[in-house]
>>> print(open('data37.csv').read())   # CSV, C-alpha atoms
chain,number,residue,atom,x,y,z
A,1,MET,CA,-93.0,41.4,105.6
A,2,THR,CA,-91.7,44.8,104.7
A,3,ALA,CA,-89.3,43.6,102.0
A,4,ASP,CA,-88.8,40.7,99.7
A,5,HIS,CA,-86.2,38.3,100.9
A,6,PRO,CA,-83.7,37.6,98.1
A,7,PRO,CA,-83.2,34.0,97.1
A,8,THR,CA,-80.7,32.1,99.2
A,9,PRO,CA,-78.2,30.0,97.2
A,10,ALA,CA,-78.5,26.3,98.0
A,11,GLY,CA,-75.4,24.7,99.3
A,12,GLY,CA,-73.7,23.3,102.3
A,13,LEU,CA,-73.0,24.9,105.6
A,14,PRO,CA,-69.6,26.7,105.7
A,15,GLU,CA,-66.7,24.8,107.2
A,16,HIS,CA,-66.2,27.3,109.9
A,17,HIS,CA,-64.6,26.1,113.1
A,18,GLU,CA,-65.5,27.3,116.6
A,19,SER,CA,-61.9,28.5,116.9
A,20,ILE,CA,-62.5,31.1,114.2
A,21,LEU,CA,-64.9,33.0,116.4
A,22,LEU,CA,-63.5,36.1,118.0
A,23,ASP,CA,-64.4,37.7,121.3
A,24,GLU,CA,-66.5,40.5,119.9
A,25,PRO,CA,-69.7,41.4,121.7
A,26,THR,CA,-72.0,40.2,118.8
A,27,THR,CA,-70.5,36.7,118.6
A,28,ALA,CA,-69.5,36.3,122.3
A,29,ASP,CA,-72.9,34.8,123.4
A,30,LEU,CA,-73.0,32.5,120.3
A,31,ARG,CA,-69.5,31.3,120.9
A,32,VAL,CA,-70.3,30.5,124.5
A,33,LYS,CA,-73.4,28.5,123.5
A,34,VAL,CA,-71.5,26.5,120.8
A,35,THR,CA,-68.6,25.8,123.2
A,36,GLN,CA,-70.9,24.7,125.9
A,37,ALA,CA,-72.7,22.3,123.5
A,38,TRP,CA,-69.4,20.7,122.6
A,39,ARG,CA,-68.5,20.4,126.3
A,40,GLU,CA,-71.8,18.7,127.0
A,41,PHE,CA,-71.3,16.3,124.1
A,42,ALA,CA,-67.8,15.4,125.3
A,43,ARG,CA,-69.0,14.9,128.9
A,44,ALA,CA,-71.9,12.7,127.8
A,45,LEU,CA,-69.6,10.7,125.5
A,46,GLY,CA,-67.1,10.2,128.3
A,47,GLU,CA,-69.8,8.9,130.6
A,48,ARG,CA,-71.1,6.5,128.0
A,49,LEU,CA,-67.7,5.1,127.1
A,50,ALA,CA,-67.0,4.4,130.8
A,51,THR,CA,-70.0,2.2,131.1
A,52,LEU,CA,-70.1,0.3,127.8
A,53,PRO,CA,-69.7,-3.5,127.9
A,54,ALA,CA,-66.9,-5.3,126.2
A,55,GLY,CA,-67.7,-5.8,122.5
A,56,ALA,CA,-69.6,-2.6,122.2
A,57,HIS,CA,-69.0,-0.3,119.2
A,58,VAL,CA,-69.5,3.5,118.8
A,59,ASP,CA,-69.7,5.4,115.5
A,60,LEU,CA,-69.5,9.2,115.5
A,61,THR,CA,-70.2,10.8,112.1
A,62,LEU,CA,-70.5,14.3,110.7
A,63,ASP,CA,-73.9,14.1,108.8
A,64,PRO,CA,-73.0,14.8,105.2
A,65,THR,CA,-76.6,15.9,104.4
A,66,ALA,CA,-76.2,18.7,106.9
A,67,SER,CA,-72.6,19.7,106.3
A,68,GLY,CA,-72.7,19.6,102.5
A,69,THR,CA,-69.8,17.3,102.2
A,70,GLY,CA,-71.4,15.0,99.6
A,71,ASP,CA,-69.7,11.6,99.5
A,72,ALA,CA,-67.1,12.6,102.1
A,73,VAL,CA,-67.9,10.9,105.4
A,74,TYR,CA,-65.9,12.2,108.4
A,75,SER,CA,-66.2,9.6,111.1
A,76,ILE,CA,-64.6,8.1,114.2
A,77,GLY,CA,-65.2,4.5,115.3
A,78,ILE,CA,-64.6,3.2,118.8
A,79,ASP,CA,-64.4,-0.4,119.9
A,80,VAL,CA,-64.6,-1.5,123.6
A,81,GLY,CA,-62.3,-4.5,124.1
A,82,PRO,CA,-61.7,-6.8,127.0
A,83,ASP,CA,-60.1,-5.6,130.2
A,84,GLY,CA,-61.3,-2.1,129.7
A,85,LYS,CA,-59.4,-1.4,126.5
A,86,LEU,CA,-60.6,1.2,123.9
A,87,ALA,CA,-59.5,1.2,120.3
A,88,ALA,CA,-60.4,4.3,118.2
A,89,ARG,CA,-60.0,4.7,114.5
A,90,ALA,CA,-60.6,7.9,112.5
A,91,VAL,CA,-61.1,8.3,108.8
A,92,GLY,CA,-58.0,9.2,106.8
A,93,ASN,CA,-57.4,10.5,103.3
A,94,ALA,CA,-57.7,7.1,101.8
A,95,GLY,CA,-61.3,7.0,102.8
A,96,LEU,CA,-62.1,10.6,101.6
A,97,PRO,CA,-62.8,11.7,98.0
A,98,PRO,CA,-60.6,14.3,96.2
A,99,GLY,CA,-61.4,17.8,97.3
A,100,TYR,CA,-62.3,16.7,100.9
A,101,ARG,CA,-59.0,15.2,102.0
A,102,LEU,CA,-57.1,16.5,104.9
A,103,ASP,CA,-54.2,18.9,104.1
A,104,ARG,CA,-50.8,18.7,105.8
A,105,ALA,CA,-51.9,21.1,108.5
A,106,ALA,CA,-55.0,19.0,109.3
A,107,VAL,CA,-52.9,15.8,109.4
A,108,ALA,CA,-50.5,17.6,111.8
A,109,ASP,CA,-53.4,18.6,114.0
A,110,MET,CA,-54.6,15.0,114.1
A,111,VAL,CA,-51.1,13.9,115.3
A,112,ALA,CA,-50.9,16.8,117.8
A,113,LEU,CA,-54.3,15.7,119.3
A,114,GLY,CA,-52.8,12.2,119.9
A,115,TRP,CA,-53.8,10.2,116.8
A,116,SER,CA,-51.1,8.0,115.2
A,117,PRO,CA,-50.9,8.2,111.4
A,118,PRO,CA,-52.6,5.5,109.3
A,119,GLY,CA,-51.0,2.1,109.6
A,120,VAL,CA,-48.9,2.9,112.7
A,121,VAL,CA,-51.2,1.5,115.3
A,122,GLU,CA,-51.7,-2.3,114.7
A,123,GLY,CA,-55.0,-2.9,112.9
A,124,SER,CA,-55.6,0.7,111.9
A,125,GLY,CA,-55.0,0.1,108.2
A,126,GLU,CA,-55.7,3.3,106.3
A,127,GLN,CA,-57.2,5.1,109.3
A,128,PHE,CA,-55.7,7.2,112.1
A,129,GLY,CA,-55.3,5.0,115.2
A,130,LEU,CA,-55.5,5.6,118.9
A,131,ASP,CA,-55.6,3.0,121.7
A,132,GLY,CA,-56.5,3.8,125.3
A,133,THR,CA,-58.5,2.5,128.3
A,134,VAL,CA,-61.9,3.0,129.8
A,135,ALA,CA,-60.2,4.8,132.7
A,136,GLU,CA,-59.2,7.5,130.2
A,137,ALA,CA,-62.8,7.8,128.8
A,138,THR,CA,-63.1,11.5,129.9
A,139,GLN,CA,-59.9,12.6,128.2
A,140,LEU,CA,-60.5,10.5,125.1
A,141,ALA,CA,-64.0,11.9,124.7
A,142,ALA,CA,-62.6,15.4,124.8
A,143,LEU,CA,-60.0,14.4,122.1
A,144,PHE,CA,-62.7,12.8,119.9
A,145,SER,CA,-64.8,16.0,120.3
A,146,ARG,CA,-62.0,18.2,119.3
A,147,THR,CA,-61.2,16.0,116.3
A,148,LEU,CA,-64.8,16.3,115.0
A,149,ARG,CA,-65.0,20.0,115.7
A,150,ASP,CA,-61.5,21.4,114.9
A,151,VAL,CA,-60.2,18.9,112.2
A,152,TYR,CA,-63.3,17.5,110.5
A,153,GLY,CA,-65.2,20.8,110.7
A,154,ALA,CA,-68.4,20.0,112.5
A,155,PRO,CA,-70.0,23.4,113.4
A,156,HIS,CA,-72.0,22.0,116.3
A,157,PRO,CA,-72.8,18.6,117.9
A,158,ALA,CA,-76.3,18.8,116.4
A,159,PHE,CA,-74.7,17.9,113.1
A,160,LEU,CA,-73.3,14.7,114.4
A,161,VAL,CA,-75.0,11.2,114.1
A,162,TYR,CA,-74.0,8.5,116.5
A,163,LEU,CA,-74.5,4.7,116.6
A,164,ILE,CA,-73.9,2.6,119.7
A,165,HIS,CA,-74.5,-1.2,119.6
A,166,ASP,CA,-73.3,-4.3,121.4
A,167,ALA,CA,-71.3,-7.3,120.1
A,168,GLU,CA,-74.4,-8.7,118.5
A,169,ASP,CA,-75.2,-5.4,116.7
A,170,GLU,CA,-78.1,-4.8,119.0
A,171,PRO,CA,-78.6,-1.1,119.9
A,172,LEU,CA,-77.6,0.0,123.4
A,173,GLU,CA,-79.9,2.5,125.0
A,174,GLY,CA,-78.7,5.2,127.3
A,175,ALA,CA,-78.5,8.9,127.9
A,176,PRO,CA,-78.2,11.0,124.7
A,177,LEU,CA,-74.8,12.4,123.6
A,178,GLY,CA,-75.8,16.1,124.1
A,179,THR,CA,-77.5,17.5,121.0
A,180,ALA,CA,-76.0,14.8,118.7
A,181,ARG,CA,-78.6,12.6,116.9
A,182,SER,CA,-78.8,8.9,117.5
A,183,GLU,CA,-78.9,6.7,114.4
A,184,PHE,CA,-81.6,4.7,116.1
A,185,GLY,CA,-83.9,7.7,116.5
A,186,VAL,CA,-84.5,10.5,118.9
A,187,ASP,CA,-83.2,9.7,122.4
A,188,ARG,CA,-85.1,10.3,125.6
A,189,ASN,CA,-84.3,13.9,126.1
A,190,VAL,CA,-85.9,17.3,125.6
A,191,GLU,CA,-86.7,16.3,122.0
A,192,ALA,CA,-89.2,13.7,123.2
A,193,ASP,CA,-92.1,16.1,122.8
A,194,LEU,CA,-90.9,16.9,119.3
A,195,ASP,CA,-90.7,13.2,118.4
A,196,GLU,CA,-94.2,12.7,119.6
A,197,ALA,CA,-95.5,15.7,117.7
A,198,LEU,CA,-93.8,14.6,114.5
A,199,ASN,CA,-95.3,11.1,114.8
A,200,ALA,CA,-98.7,12.6,115.3
A,201,ALA,CA,-98.4,14.9,112.2
A,202,GLN,CA,-99.1,13.7,108.7
A,203,PRO,CA,-96.6,11.1,107.4
A,204,ALA,CA,-93.3,12.5,106.3
A,205,THR,CA,-92.9,12.8,102.6
A,206,ASP,CA,-90.3,14.2,100.3
A,207,ASP,CA,-92.6,16.8,98.7
A,208,VAL,CA,-92.8,20.4,99.8
A,209,LEU,CA,-96.2,20.1,101.5
A,210,GLY,CA,-94.9,17.3,103.7
A,211,LEU,CA,-91.8,19.4,104.5
A,212,ALA,CA,-93.9,22.4,105.3
A,213,GLU,CA,-96.0,20.4,107.8
A,214,ARG,CA,-93.0,19.1,109.5
A,215,VAL,CA,-91.5,22.5,109.8
A,216,ARG,CA,-94.6,23.9,111.3
A,217,THR,CA,-94.6,21.0,113.8
A,218,VAL,CA,-91.0,21.7,114.8
A,219,VAL,CA,-91.5,25.4,115.3
A,220,SER,CA,-94.8,25.1,117.2
A,221,THR,CA,-93.2,22.5,119.5
A,222,MET,CA,-90.2,24.8,120.2
A,223,LEU,CA,-92.6,27.7,120.9
A,224,LYS,CA,-94.8,25.4,123.0
A,225,SER,CA,-97.8,26.3,120.9
A,226,ASP,CA,-100.3,24.6,118.6
A,227,SER,CA,-99.4,24.4,114.9
A,228,ASP,CA,-102.5,26.2,113.9
A,229,ARG,CA,-101.7,29.1,116.2
A,230,LEU,CA,-98.4,30.0,114.6
A,231,GLN,CA,-98.1,33.5,113.1
A,232,VAL,CA,-97.9,33.1,109.4
A,233,ASP,CA,-97.8,36.1,107.0
A,234,SER,CA,-99.2,36.4,103.4
A,235,ASP,CA,-96.0,34.9,102.0
A,236,GLY,CA,-96.5,31.8,104.0
A,237,ASP,CA,-93.5,32.5,106.3
A,238,ILE,CA,-93.7,31.6,110.0
A,239,ASN,CA,-93.1,34.8,112.0
A,240,ILE,CA,-91.1,34.6,115.3
A,241,ARG,CA,-90.5,37.8,117.3
A,242,ALA,CA,-87.1,38.0,119.0
A,243,GLY,CA,-86.9,41.3,120.9
A,244,SER,CA,-86.5,44.1,118.5
A,245,ALA,CA,-85.9,41.6,115.6
A,246,MET,CA,-88.3,39.4,113.6
A,247,VAL,CA,-87.2,36.0,112.4
A,248,PHE,CA,-88.9,34.3,109.5
A,249,VAL,CA,-89.0,30.6,108.6
A,250,ARG,CA,-89.7,29.9,104.9
A,251,VAL,CA,-90.0,26.5,103.1
A,252,ARG,CA,-88.6,26.4,99.6
A,253,ASP,CA,-89.4,23.7,97.1
A,254,ASN,CA,-86.6,23.9,94.5
A,255,PRO,CA,-84.4,22.6,95.9
A,256,PRO,CA,-86.1,21.5,99.2
A,257,LEU,CA,-84.8,24.0,101.7
A,258,VAL,CA,-85.9,25.6,104.9
A,259,ASP,CA,-84.5,29.2,105.2
A,260,VAL,CA,-84.4,30.8,108.7
A,261,PHE,CA,-83.8,34.4,108.1
A,262,SER,CA,-84.2,37.9,109.5
A,263,PRO,CA,-84.1,41.5,108.0
A,264,VAL,CA,-81.7,42.8,110.7
A,265,LEU,CA,-81.8,46.4,109.4
A,266,THR,CA,-83.8,48.2,106.7
A,267,GLU,CA,-83.2,51.6,105.1
A,268,VAL,CA,-79.5,51.3,105.8
A,269,GLU,CA,-76.9,52.9,103.6
A,270,PRO,CA,-74.9,50.3,101.8
A,271,THR,CA,-71.2,51.3,102.1
A,272,GLU,CA,-67.9,49.5,101.7
A,273,ARG,CA,-67.4,49.7,105.4
A,274,LEU,CA,-70.8,47.9,106.0
A,275,TYR,CA,-69.9,45.1,103.5
A,276,VAL,CA,-66.5,44.6,105.1
A,277,LYS,CA,-68.2,44.3,108.6
A,278,LEU,CA,-70.8,41.8,107.4
A,279,SER,CA,-68.1,39.7,105.7
A,280,GLU,CA,-66.0,39.7,108.9
A,281,LEU,CA,-69.0,38.7,111.1
A,282,THR,CA,-70.0,35.9,108.7
A,283,ASN,CA,-66.6,34.4,109.0
A,284,ARG,CA,-66.9,34.3,112.7
A,285,MET,CA,-70.3,32.6,112.7
A,286,PRO,CA,-70.4,28.8,113.1
A,287,ILE,CA,-73.3,28.6,110.7
A,288,GLY,CA,-75.2,31.0,108.4
A,289,ARG,CA,-74.2,34.3,106.8
A,290,LEU,CA,-74.9,38.0,106.8
A,291,TYR,CA,-75.3,40.1,103.7
A,292,CYS,CA,-76.7,43.3,102.3
A,293,ALA,CA,-79.2,43.5,99.4
A,294,ASP,CA,-80.4,46.9,98.3
A,295,ASP,CA,-80.9,48.8,101.6
A,296,THR,CA,-81.5,45.8,103.9
A,297,VAL,CA,-79.1,43.7,106.0
A,298,TRP,CA,-80.1,40.1,106.1
A,299,ALA,CA,-79.1,37.2,108.3
A,300,SER,CA,-79.8,33.7,107.0
A,301,ILE,CA,-79.3,30.1,108.0
A,302,PRO,CA,-80.3,27.4,105.5
A,303,VAL,CA,-81.4,24.0,106.6
A,304,PHE,CA,-81.5,21.1,104.1
A,305,GLY,CA,-85.1,20.0,103.2
A,306,ARG,CA,-84.0,16.7,101.7
A,307,ASN,CA,-83.4,14.2,104.5
A,308,PHE,CA,-84.8,16.8,106.8
A,309,GLN,CA,-83.6,16.6,110.4
A,310,ALA,CA,-85.7,18.4,113.1
A,311,THR,CA,-82.6,19.0,115.3
A,312,HIS,CA,-81.0,21.0,112.5
A,313,LEU,CA,-84.0,23.4,112.2
A,314,MET,CA,-84.1,23.7,116.0
A,315,LEU,CA,-80.5,24.8,116.1
A,316,ALA,CA,-81.0,27.3,113.3
A,317,VAL,CA,-84.0,28.9,115.0
A,318,GLN,CA,-82.2,29.0,118.3
A,319,VAL,CA,-79.1,30.6,116.8
A,320,MET,CA,-81.1,33.1,114.7
A,321,THR,CA,-83.5,34.3,117.4
A,322,GLY,CA,-80.5,35.1,119.7
A,323,LEU,CA,-78.3,36.5,117.0
A,324,ALA,CA,-80.8,38.8,115.2
A,325,ASP,CA,-81.9,40.5,118.4
A,326,GLU,CA,-78.4,41.2,119.5
A,327,LEU,CA,-77.1,42.1,116.1
A,328,ASP,CA,-79.7,44.6,115.0
A,329,ASP,CA,-79.0,46.8,118.1
A,330,ARG,CA,-75.3,46.8,117.5
A,331,LEU,CA,-75.3,47.3,113.8
A,332,HIS,CA,-77.9,50.0,114.2
A,333,GLY,CA,-75.6,51.8,116.6
A,334,GLU,CA,-72.8,51.8,114.1
A,335,PHE,CA,-74.6,52.1,110.7
A,336,GLY,CA,-78.0,53.5,111.4
A,337,GLY,CA,-81.0,52.1,109.5
A,338,LYS,CA,-84.2,50.8,111.1
A,339,ARG,CA,-84.7,47.7,113.2
A,340,PHE,CA,-87.9,45.7,112.6
A,341,PHE,CA,-89.4,46.7,115.9
A,342,GLY,CA,-87.3,49.8,116.5
A,343,GLU,CA,-89.9,52.5,117.0
A,344,GLY,CA,-88.5,55.9,116.1
A,345,ASP,CA,-85.4,54.5,114.4
A,346,LYS,CA,-84.0,56.9,111.9
A,347,PRO,CA,-81.2,56.2,109.4
A,348,VAL,CA,-77.9,57.6,110.7
A,349,LYS,CA,-75.1,58.8,108.4
A,350,ARG,CA,-71.7,59.0,109.8
A,351,ASP,CA,-68.6,60.8,108.5
A,352,GLU,CA,-66.1,58.5,106.8
A,353,GLY,CA,-63.5,59.5,109.3
A,354,GLU,CA,-65.5,58.6,112.4
A,355,HIS,CA,-64.4,55.5,114.1
A,356,ARG,CA,-66.2,53.8,117.0
A,357,THR,CA,-64.7,51.2,119.3
A,358,GLY,CA,-65.5,49.7,122.6
A,359,MET,CA,-69.0,48.5,122.9
A,360,TYR,CA,-69.6,48.7,119.2
A,361,LEU,CA,-68.4,46.1,116.7
>>> encode(input="data37.csv", output="structure tokens")
Amino acid sequence: MTADHPPTPAGGLPEHHESILLDEPTTADLRVKVTQAWREFARALGERLATLPAGAHVDLTLDPTASGTGDAVYSIGIDVGPDGKLAARAVGNAGLPPGYRLDRAAVADMVALGWSPPGVVEGSGEQFGLDGTVAEATQLAALFSRTLRDVYGAPHPAFLVYLIHDAEDEPLEGAPLGTARSEFGVDRNVEADLDEALNAAQPATDDVLGLAERVRTVVSTMLKSDSDRLQVDSDGDINIRAGSAMVFVRVRDNPPLVDVFSPVLTEVEPTERLYVKLSELTNRMPIGRLYCADDTVWASIPVFGRNFQATHLMLAVQVMTGLADELDDRLHGEFGGKRFFGEGDKPVKRDEGEHRTGMYL
């Protein structure tokens, strides 16, 4: 590495919604990917709801260990009744601790989506209620998806955990709900290879050595390579080239954390205009942040090491490799500096009055 990566504060992922993203070139591709992931989740959920037997139950929950919501559990429960009836219940403020309760605008959004306030629908008690039919499974699945994303603040379906069982509490197998994670384990999808690799690796433990081994297994599986063939630098960071950018994966032990980061630009002049731009871009990202330390612009996405979930690391690596390669080119065009693999890059100083629009951010 050419520079020391500053410590990343431990904490939850920001509660950014997909609707915050704007149609700027840097975030356009990321926005499309996030939107597509939610569409795939809603489609898969609709298909499952349409085929579940009477007595089946579905739980959809925003994983608190991934979202940093602590004791707050944002969830939706769906019961399949006789004659093709569906009864959905969503957590309300009575089930949320102070500091995590829905404000008036969020409650209004719930009602606008189609939920009835707590206690209005028979049997809803302190939860929001919504009754429908299996024939409406597609529309209801889209509504549940928007509730989790736009009201409860799930940044991506990969941060959802779901549970589907029958009337006897036996798990019901079926196609996965997009990138959401089954409570019963990894479904039969593209993560099957990862599941096999993790099982073959050393037993998962809570210490940093166990976490480091699992991280290596996840990254090597994503890169379709052997764990011992990964590029690891003198700091112990896994190196992943992404076009003109380099992405690093570092395991931290106090607290347990996996940091996926990239030095987007080095030898850049830190100006107020640069700080404003990085702040604006961070607010448009569904996960992670951008910041400047000394003369380097960093992009960082933290993944919790405690209760480590492979799907969360996979999402972080996928987002970072795409974002860093796109972002270093665009920021270099506006602020100068050097890209990691930008041969011949020279710092560029612009007059304060110069303003660039169009293809630049």
>>> atom_distance(input="data37.csv", atom1="atom CA of Leu140 of chain A", atom2="atom CA of Asp109 of chain A")
15.5 Å
>>> residues_around(input="data37.csv", residues="Phe128 of chain A", least_positions_apart="3", cutoff="12 Å", atoms="only C-alpha atoms", output="ChimeraX atom specification")
/A:74-78,87-95,102,107-111,113-125,131,144,147
>>> atom_distance(input="data37.csv", atom1="atom CA of Asn283 of chain A", atom2="atom CA of Thr266 of chain A")
22.2 Å
>>> atom_distance(input="data37.csv", atom1="atom CA of Asn254 of chain A", atom2="atom CA of Arg289 of chain A")
20.3 Å
>>> residues_around(input="data37.csv", residues="Ile301 of chain A", least_positions_apart="3", cutoff="8 Å", atoms="all atoms listed in the file", output="ChimeraX atom specification")
/A:259-261,287-289,316,320
>>> write_last_selection(input="data37.csv", atoms="C-alpha atoms", output="PDB file, in the coordinates of the input")
ATOM      1  CA  ASP A 259     -84.500  29.200 105.200  1.00  0.00           C
ATOM      2  CA  VAL A 260     -84.400  30.800 108.700  1.00  0.00           C
ATOM      3  CA  PHE A 261     -83.800  34.400 108.100  1.00  0.00           C
ATOM      4  CA  ILE A 287     -73.300  28.600 110.700  1.00  0.00           C
ATOM      5  CA  GLY A 288     -75.200  31.000 108.400  1.00  0.00           C
ATOM      6  CA  ARG A 289     -74.200  34.300 106.800  1.00  0.00           C
ATOM      7  CA  ALA A 316     -81.000  27.300 113.300  1.00  0.00           C
ATOM      8  CA  MET A 320     -81.100  33.100 114.700  1.00  0.00           C
TER       9      MET A 320
END
>>> residues_around(input="data37.csv", residues="Gly236 of chain A", least_positions_apart="4", cutoff="10 Å", atoms="all atoms listed in the file", output="PyMOL selection string")
chain A and resi 212+231-232+248-251
>>> residues_near_point(input="data37.csv", point="(-85.1, 51.3, 105.7)", cutoff="6 Å", atoms="only C-alpha atoms", output="list of chain:residue names")
A:Thr266, A:Glu267, A:Val268, A:Gly337, A:Lys338
>>> residues_around(input="data37.csv", residues="Val58 of chain A", least_positions_apart="2", cutoff="10 Å", atoms="all atoms listed in the file", output="list in words")
Leu45, Arg48, Leu49, Leu52, Ala56, Leu60, Thr61, Ile76, Gly77, Ile78, Asp79, Val80, Ala88, Tyr162, Leu163, Ile164, His165, Asp166 and Leu172 of chain A
>>> closest_residue(input="data37.csv", among="A:Ser262, A:Ser244, A:Gln127, A:Thr311", to="Cys292 of chain A", atoms="only C-alpha atoms")
A:Ser262
>>> closest_residue(input="data37.csv", among="A:Val151, A:Trp298, A:Leu130, A:Thr217", to="Asp103 of chain A", atoms="all atoms listed in the file")
A:Val151
>>> closest_residue(input="data37.csv", among="A:Lys85, A:His312, A:Arg330, A:Arg214", to="Thr179 of chain A", atoms="all atoms listed in the file")
A:His312
>>> closest_residue(input="data37.csv", among="A:Glu183, A:Ala72, A:Asp235, A:Phe335", to="Glu272 of chain A", atoms="only C-alpha atoms")
A:Phe335
